>>> print(open('structure.cif').read())   # mmCIF, C-alpha atoms
data_final
loop_
_atom_site.label_atom_id
_atom_site.label_comp_id
_atom_site.auth_asym_id
_atom_site.auth_seq_id
_atom_site.Cartn_x
_atom_site.Cartn_y
_atom_site.Cartn_z
CA MET L 1 -21.37 -59.16 2.12
CA SER L 2 -19.21 -56.03 2.20
CA HIS L 3 -19.69 -53.21 4.69
CA LEU L 4 -21.26 -50.97 2.02
CA ASP L 5 -23.56 -53.79 0.94
CA ARG L 6 -24.74 -54.22 4.54
CA VAL L 7 -25.41 -50.48 4.81
CA ALA L 8 -27.37 -50.45 1.53
CA PHE L 9 -29.40 -53.49 2.57
CA THR L 10 -30.20 -51.96 5.95
CA VAL L 11 -31.29 -48.69 4.32
CA ALA L 12 -33.69 -50.56 2.04
CA VAL L 13 -35.20 -52.55 4.91
CA LEU L 14 -35.55 -49.61 7.29
CA VAL L 15 -36.96 -47.22 4.68
CA GLY L 16 -39.40 -49.85 3.51
CA THR L 17 -40.67 -50.48 7.03
CA SER L 18 -40.60 -46.83 8.15
CA ALA L 19 -42.57 -45.25 5.27
CA ALA L 20 -46.29 -45.28 5.93
CA TRP L 21 -47.78 -44.65 2.50
CA ALA L 22 -51.52 -44.05 2.60
CA GLY L 23 -52.20 -44.33 -1.13
CA PHE L 24 -55.08 -43.23 -3.35
CA ILE L 25 -58.14 -45.49 -3.66
CA PHE L 26 -59.80 -44.66 -6.99
CA ASP L 27 -63.60 -44.50 -7.08
CA THR L 28 -64.61 -43.03 -10.45
CA GLN L 29 -62.83 -41.67 -13.51
CA THR L 30 -63.83 -39.64 -16.56
CA ARG L 31 -60.96 -38.93 -18.94
CA GLN L 32 -61.22 -37.92 -22.56
CA VAL L 33 -59.84 -35.86 -25.42
CA GLU L 34 -62.06 -34.14 -27.97
CA GLY L 35 -61.54 -32.12 -31.12
CA ARG L 36 -63.89 -30.25 -33.46
CA VAL L 37 -63.35 -28.34 -36.72
CA TRP L 38 -65.93 -26.32 -38.66
CA ALA L 39 -65.09 -24.30 -41.76
CA GLY L 40 -68.13 -22.04 -41.53
CA VAL L 41 -69.89 -24.02 -44.26
CA GLY L 42 -70.83 -27.65 -44.61
CA SER L 43 -70.21 -30.34 -42.00
CA THR L 44 -68.59 -30.20 -38.60
CA TYR L 45 -65.82 -32.76 -38.18
CA SER L 46 -65.19 -34.07 -34.67
CA ASP L 47 -63.61 -36.84 -32.66
CA THR L 48 -63.88 -37.84 -28.98
CA ILE L 49 -61.85 -40.57 -27.29
CA THR L 50 -62.73 -41.71 -23.76
CA ALA L 51 -60.76 -43.80 -21.27
CA PRO L 52 -62.57 -47.14 -20.81
CA ASN L 53 -61.17 -47.93 -17.34
CA PHE L 54 -58.63 -46.93 -14.70
CA GLY L 55 -55.62 -48.05 -16.75
CA LEU L 56 -53.15 -45.92 -18.65
CA PHE L 57 -54.92 -43.51 -21.01
CA ASP L 58 -52.83 -42.32 -23.95
CA ALA L 59 -54.90 -40.90 -26.81
CA THR L 60 -54.84 -38.14 -29.43
CA THR L 61 -57.62 -36.76 -31.62
CA HIS L 62 -56.84 -36.07 -35.28
CA VAL L 63 -59.49 -33.80 -36.80
CA THR L 64 -59.40 -31.71 -39.97
CA ASP L 65 -61.76 -30.53 -42.70
CA PRO L 66 -60.90 -32.46 -45.88
CA THR L 67 -61.63 -29.41 -48.03
CA TYR L 68 -60.53 -26.41 -45.97
CA GLY L 69 -57.98 -27.94 -43.60
CA GLY L 70 -57.51 -26.78 -40.04
CA SER L 71 -56.73 -29.06 -37.09
CA ALA L 72 -58.02 -30.01 -33.68
CA ASN L 73 -55.45 -32.47 -32.38
CA GLN L 74 -55.58 -32.99 -28.63
CA HIS L 75 -53.28 -35.35 -26.74
CA GLN L 76 -53.58 -36.63 -23.18
CA ARG L 77 -51.48 -39.21 -21.38
CA SER L 78 -52.77 -39.81 -17.87
CA GLN L 79 -52.01 -42.49 -15.33
CA LEU L 80 -53.59 -43.40 -11.99
CA LEU L 81 -51.07 -44.96 -9.63
CA PRO L 82 -51.40 -45.66 -5.89
CA ASN L 83 -49.09 -42.77 -4.94
CA LEU L 84 -48.93 -40.67 -8.13
CA ILE L 85 -51.44 -39.24 -10.62
CA THR L 86 -50.16 -37.67 -13.84
CA VAL L 87 -51.90 -35.73 -16.62
CA ILE L 88 -49.64 -34.79 -19.55
CA GLY L 89 -50.51 -33.49 -23.00
CA ASP L 90 -50.32 -30.98 -25.83
CA THR L 91 -52.44 -29.63 -28.66
CA THR L 92 -52.46 -28.16 -32.16
CA CYS L 93 -55.65 -26.22 -32.75
CA TYR L 94 -56.08 -24.06 -35.87
CA ARG L 95 -59.24 -23.06 -37.68
CA PRO L 96 -59.70 -23.93 -41.38
CA GLY L 97 -57.98 -21.63 -43.83
CA ASN L 98 -61.03 -20.45 -45.78
CA ALA L 99 -62.29 -16.88 -45.49
CA GLY L 100 -65.47 -17.86 -43.65
CA ALA L 101 -66.23 -17.99 -39.95
CA GLY L 102 -64.19 -21.10 -39.30
CA GLN L 103 -63.67 -22.57 -35.85
CA ALA L 104 -61.45 -25.17 -34.22
CA TYR L 105 -61.78 -26.47 -30.66
CA ALA L 106 -59.79 -29.03 -28.68
CA ARG L 107 -60.01 -30.11 -25.07
CA SER L 108 -58.35 -32.48 -22.62
CA SER L 109 -60.67 -33.52 -19.77
CA PHE L 110 -59.64 -35.32 -16.59
CA ASP L 111 -62.01 -35.81 -13.64
CA VAL L 112 -61.13 -38.44 -11.03
CA ASN L 113 -62.64 -39.14 -7.62
CA PHE L 114 -60.55 -40.97 -5.05
CA THR L 115 -60.49 -41.74 -1.34
CA VAL L 116 -57.76 -41.57 1.28
CA THR L 117 -58.21 -43.43 4.56
CA GLN L 118 -55.71 -41.47 6.67
CA PRO L 119 -54.11 -38.00 6.61
CA THR L 120 -52.00 -37.92 3.43
CA LEU L 121 -49.37 -35.34 2.56
CA VAL L 122 -49.40 -34.56 -1.18
CA SER L 123 -47.81 -32.19 -3.65
CA LEU L 124 -49.87 -30.68 -6.48
CA GLU L 125 -47.69 -29.48 -9.39
CA ALA L 126 -48.59 -27.99 -12.77
CA SER L 127 -46.51 -26.64 -15.64
CA GLY L 128 -47.22 -25.58 -19.21
CA SER L 129 -47.82 -22.50 -21.31
CA LEU L 130 -50.69 -20.52 -22.79
CA THR L 131 -50.43 -19.14 -26.32
CA GLY L 132 -52.73 -16.38 -27.54
CA SER L 133 -55.20 -14.22 -25.68
CA ALA L 134 -58.67 -15.64 -26.31
CA ALA L 135 -60.60 -16.33 -23.12
CA THR L 136 -62.19 -19.69 -22.35
CA ASN L 137 -64.18 -21.02 -19.43
CA SER L 138 -62.85 -24.55 -19.91
CA ARG L 139 -59.50 -24.20 -18.16
CA ALA L 140 -59.14 -25.31 -14.59
CA ILE L 141 -57.03 -27.42 -12.28
CA GLY L 142 -58.71 -28.37 -9.05
CA LEU L 143 -58.22 -30.49 -5.93
CA ILE L 144 -61.35 -30.46 -3.80
CA GLY L 145 -62.13 -32.38 -0.64
CA PRO L 146 -62.99 -32.27 3.08
CA ASN L 147 -60.33 -29.77 4.14
CA ALA L 148 -59.06 -28.11 0.93
CA ASP L 149 -60.45 -26.38 -2.13
CA ILE L 150 -57.55 -25.62 -4.49
CA ARG L 151 -58.45 -24.12 -7.88
CA TRP L 152 -56.13 -22.71 -10.53
CA GLY L 153 -57.34 -21.02 -13.72
CA ASN L 154 -60.75 -19.69 -14.81
CA GLY L 155 -60.22 -16.41 -13.01
CA TYR L 156 -58.82 -17.93 -9.82
CA SER L 157 -55.54 -16.71 -8.39
CA PRO L 158 -53.01 -17.89 -9.23
CA GLY L 159 -53.96 -18.77 -12.78
CA LEU L 160 -52.56 -21.61 -14.80
CA PHE L 161 -48.76 -22.09 -14.88
CA PRO L 162 -49.18 -19.60 -12.94
CA GLU L 163 -50.57 -17.00 -15.36
CA VAL L 164 -49.14 -17.54 -18.87
CA SER L 165 -46.24 -19.92 -18.56
CA GLY L 166 -44.23 -21.45 -15.75
CA THR L 167 -44.97 -23.71 -12.80
CA ASN L 168 -47.49 -23.80 -9.97
CA SER L 169 -47.04 -26.02 -6.93
CA THR L 170 -48.42 -26.44 -3.44
CA THR L 171 -48.46 -29.04 -0.69
CA VAL L 172 -51.40 -30.00 1.49
CA THR L 173 -52.31 -32.78 3.89
CA LEU L 174 -55.49 -34.44 2.66
CA ALA L 175 -57.96 -35.32 5.38
CA PRO L 176 -59.49 -38.82 5.24
CA GLY L 177 -62.48 -38.92 2.91
CA SER L 178 -63.46 -38.42 -0.72
CA TRP L 179 -61.49 -36.14 -3.04
CA ARG L 180 -61.96 -34.82 -6.56
CA PHE L 181 -59.00 -34.08 -8.84
CA LEU L 182 -59.84 -32.32 -12.11
CA VAL L 183 -57.81 -30.97 -15.02
CA SER L 184 -59.81 -29.36 -17.85
CA LEU L 185 -57.71 -27.63 -20.51
CA ALA L 186 -59.27 -26.27 -23.70
CA SER L 187 -57.81 -24.63 -26.80
CA SER L 188 -59.64 -22.77 -29.55
CA ASP L 189 -59.17 -20.77 -32.73
CA ASP L 190 -62.12 -18.71 -33.88
CA ARG L 191 -62.27 -15.97 -36.51
CA PHE L 192 -64.17 -13.67 -34.15
CA THR L 193 -62.75 -14.46 -30.69
CA GLY L 194 -59.16 -15.23 -31.67
CA TYR L 195 -56.66 -17.96 -30.91
CA SER L 196 -55.58 -19.46 -27.60
CA ALA L 197 -54.01 -22.84 -26.80
CA VAL L 198 -52.65 -24.77 -23.82
CA ASN L 199 -49.31 -26.33 -24.73
CA ASN L 200 -47.02 -28.88 -23.12
CA PHE L 201 -48.99 -29.24 -19.91
CA ASP L 202 -47.83 -31.52 -17.10
CA VAL L 203 -49.99 -31.84 -13.99
CA ARG L 204 -49.09 -34.18 -11.14
CA LEU L 205 -50.52 -35.12 -7.76
CA ARG L 206 -47.99 -37.10 -5.74
CA GLU L 207 -48.02 -38.50 -2.24
CA LEU L 208 -45.07 -37.35 -0.13
CA PRO L 209 -43.48 -39.14 2.82
CA GLU L 210 -44.46 -37.55 6.10
CA PRO L 211 -41.69 -35.31 7.52
CA GLY L 212 -39.49 -37.18 9.93
CA PHE L 213 -40.36 -40.70 8.82
CA LEU L 214 -36.69 -41.38 7.98
CA ALA L 215 -35.38 -40.32 11.38
CA PRO L 216 -35.63 -43.79 13.03
CA ALA L 217 -33.88 -45.32 10.03
CA LEU L 218 -31.02 -42.83 10.15
CA VAL L 219 -30.54 -43.33 13.88
CA ALA L 220 -30.36 -47.10 13.41
CA LEU L 221 -27.80 -46.66 10.62
CA LEU L 222 -25.32 -44.57 12.58
CA PRO L 223 -23.41 -47.54 14.07
CA LEU L 224 -22.99 -49.09 10.62
CA ILE L 225 -21.92 -45.82 9.01
CA ARG L 226 -19.33 -45.16 11.70
CA ARG L 227 -17.90 -48.69 11.68
CA LYS L 228 -14.60 -49.09 9.91
CA LYS L 229 -14.43 -51.29 6.82
#
>>> encode(input="structure.cif", output="structure tokens")
Amino acid sequence: MSHLDRVAFTVAVLVGTSAAWAGFIFDTQTRQVEGRVWAGVGSTYSDTITAPNFGLFDATTHVTDPTYGGSANQHQRSQLLPNLITVIGDTTCYRPGNAGAGQAYARSSFDVNFTVTQPTLVSLEASGSLTGSAATNSRAIGLIGPNADIRWGNGYSPGLFPEVSGTNSTTVTLAPGSWRFLVSLASSDDRFTGYSAVNNFDVRLRELPEPGFLAPALVALLPLIRRKK
């Protein structure tokens, strides 16, 4: 084994034994996408797809009025991993093209409860963009638990992404106990209230290594790093 190979092997062993990952223990999950189109006359066309379990959820609604058109296509790809939770998606939401009071509505819903058993440093990150100006009460990102109540959107400051487009992020140490992580993002197009959509959203909750956990590993590596080949 070469000198560099020995250094790489030692790094892997020391990092693996030094990192104390707490991990998320998932308790309940409600994840779904929904879409609805109404042309102002006749039937309402809708579709709702719900995650059956804690596995990868990757689904898209495809809704239109066969006579008047329009679309309510909502995508969500979400994954629940021990140290990372992701919620990614996009939408196309346009009311039918007839002259009546048509409406289109699409929504991505994510509501997960989990437990941590020890103090856990995490990063909450969100990016995306809002198109249009119509208001909706179905837009929120939240992380709520024993020692934190973080809410973005729905009139909270900062808003989503942080206001119109961009990125929000924060770090917090979660106290042991039960936590709720929610991401509810709705889009709509209505003849009377206007058009507004949430596009290309990417929301992540990731566990971070505690500051300083690599220090013992780096100290142990110094003799190997300094040694001549």
>>> resolve_selection(input="structure.cif", expression="the PyMOL selection byres ((chain L and resi 105) around 10)", output="list in words")
Glu34, Gly35, Arg36, Val37, Trp38, Ser46, Val63, Ser71, Ala72, Asn73, Gln74, Thr92, Cys93, Tyr94, Arg95, Gln103, Ala104, Ala106, Arg107, Ala186, Ser187, Ser188, Asp189, Asp190, Tyr195, Ser196 and Ala197 of chain L
>>> residues_around(input="structure.cif", residues="Ala148 (chain L)", least_positions_apart="4", cutoff="8 Å", atoms="all atoms listed in the file", output="PyMOL selection string")
chain L and resi 143-144+172+174
>>> resolve_selection(input="structure.cif", expression="the PyMOL selection byres ((chain L and resi 21) around 9)", output="list of chain:residue names")
L:Ala19, L:Ala20, L:Ala22, L:Gly23, L:Asn83, L:Thr120, L:Glu207, L:Leu208, L:Pro209, L:Glu210
>>> closest_residue(input="structure.cif", among="L:Gly155, L:Pro96, L:Pro52, L:Pro119", to="Ser138 (chain L)", atoms="only C-alpha atoms")
L:Gly155
>>> atom_distance(input="structure.cif", atom1="CA of Thr131 (chain L)", atom2="CA of Gly69 (chain L)")
20.8 Å
>>> atom_distance(input="structure.cif", atom1="CA of Arg139 (chain L)", atom2="CA of Asp47 (chain L)")
19.7 Å
>>> residues_around(input="structure.cif", residues="region 24-32 of chain L", least_positions_apart="3", cutoff="10 Å", atoms="all atoms listed in the file", output="MDAnalysis selection string")
chainID L and resid 21 48:54 57:61 74:78 80:85 87 107:117 120 178:184 206:207
>>> residues_around(input="structure.cif", residues="Asn98 (chain L)", least_positions_apart="2", cutoff="10 Å", atoms="all atoms listed in the file", output="ChimeraX atom specification")
/L:39-41,67-70,95-96,100-102
>>> closest_residue(input="structure.cif", among="L:Ile141, L:Val164, L:Leu56, L:Ala175", to="Ala126 (chain L)", atoms="all atoms listed in the file")
L:Ile141
>>> atom_distance(input="structure.cif", atom1="CA of Leu130 (chain L)", atom2="CA of Thr64 (chain L)")
22.3 Å
>>> resolve_selection(input="structure.cif", expression="the PyMOL selection byres ((chain L and resi 202) around 10)", output="ChimeraX atom specification")
/L:76-78,86-90,125-129,161,167,199-201,203-204
>>> closest_residue(input="structure.cif", among="L:Leu124, L:Glu163, L:Ser43, L:Gly142", to="Pro66 (chain L)", atoms="all atoms listed in the file")
L:Ser43
>>> closest_residue(input="structure.cif", among="L:Leu185, L:Leu205, L:Leu160, L:Val33", to="Val122 (chain L)", atoms="all atoms listed in the file")
L:Leu205
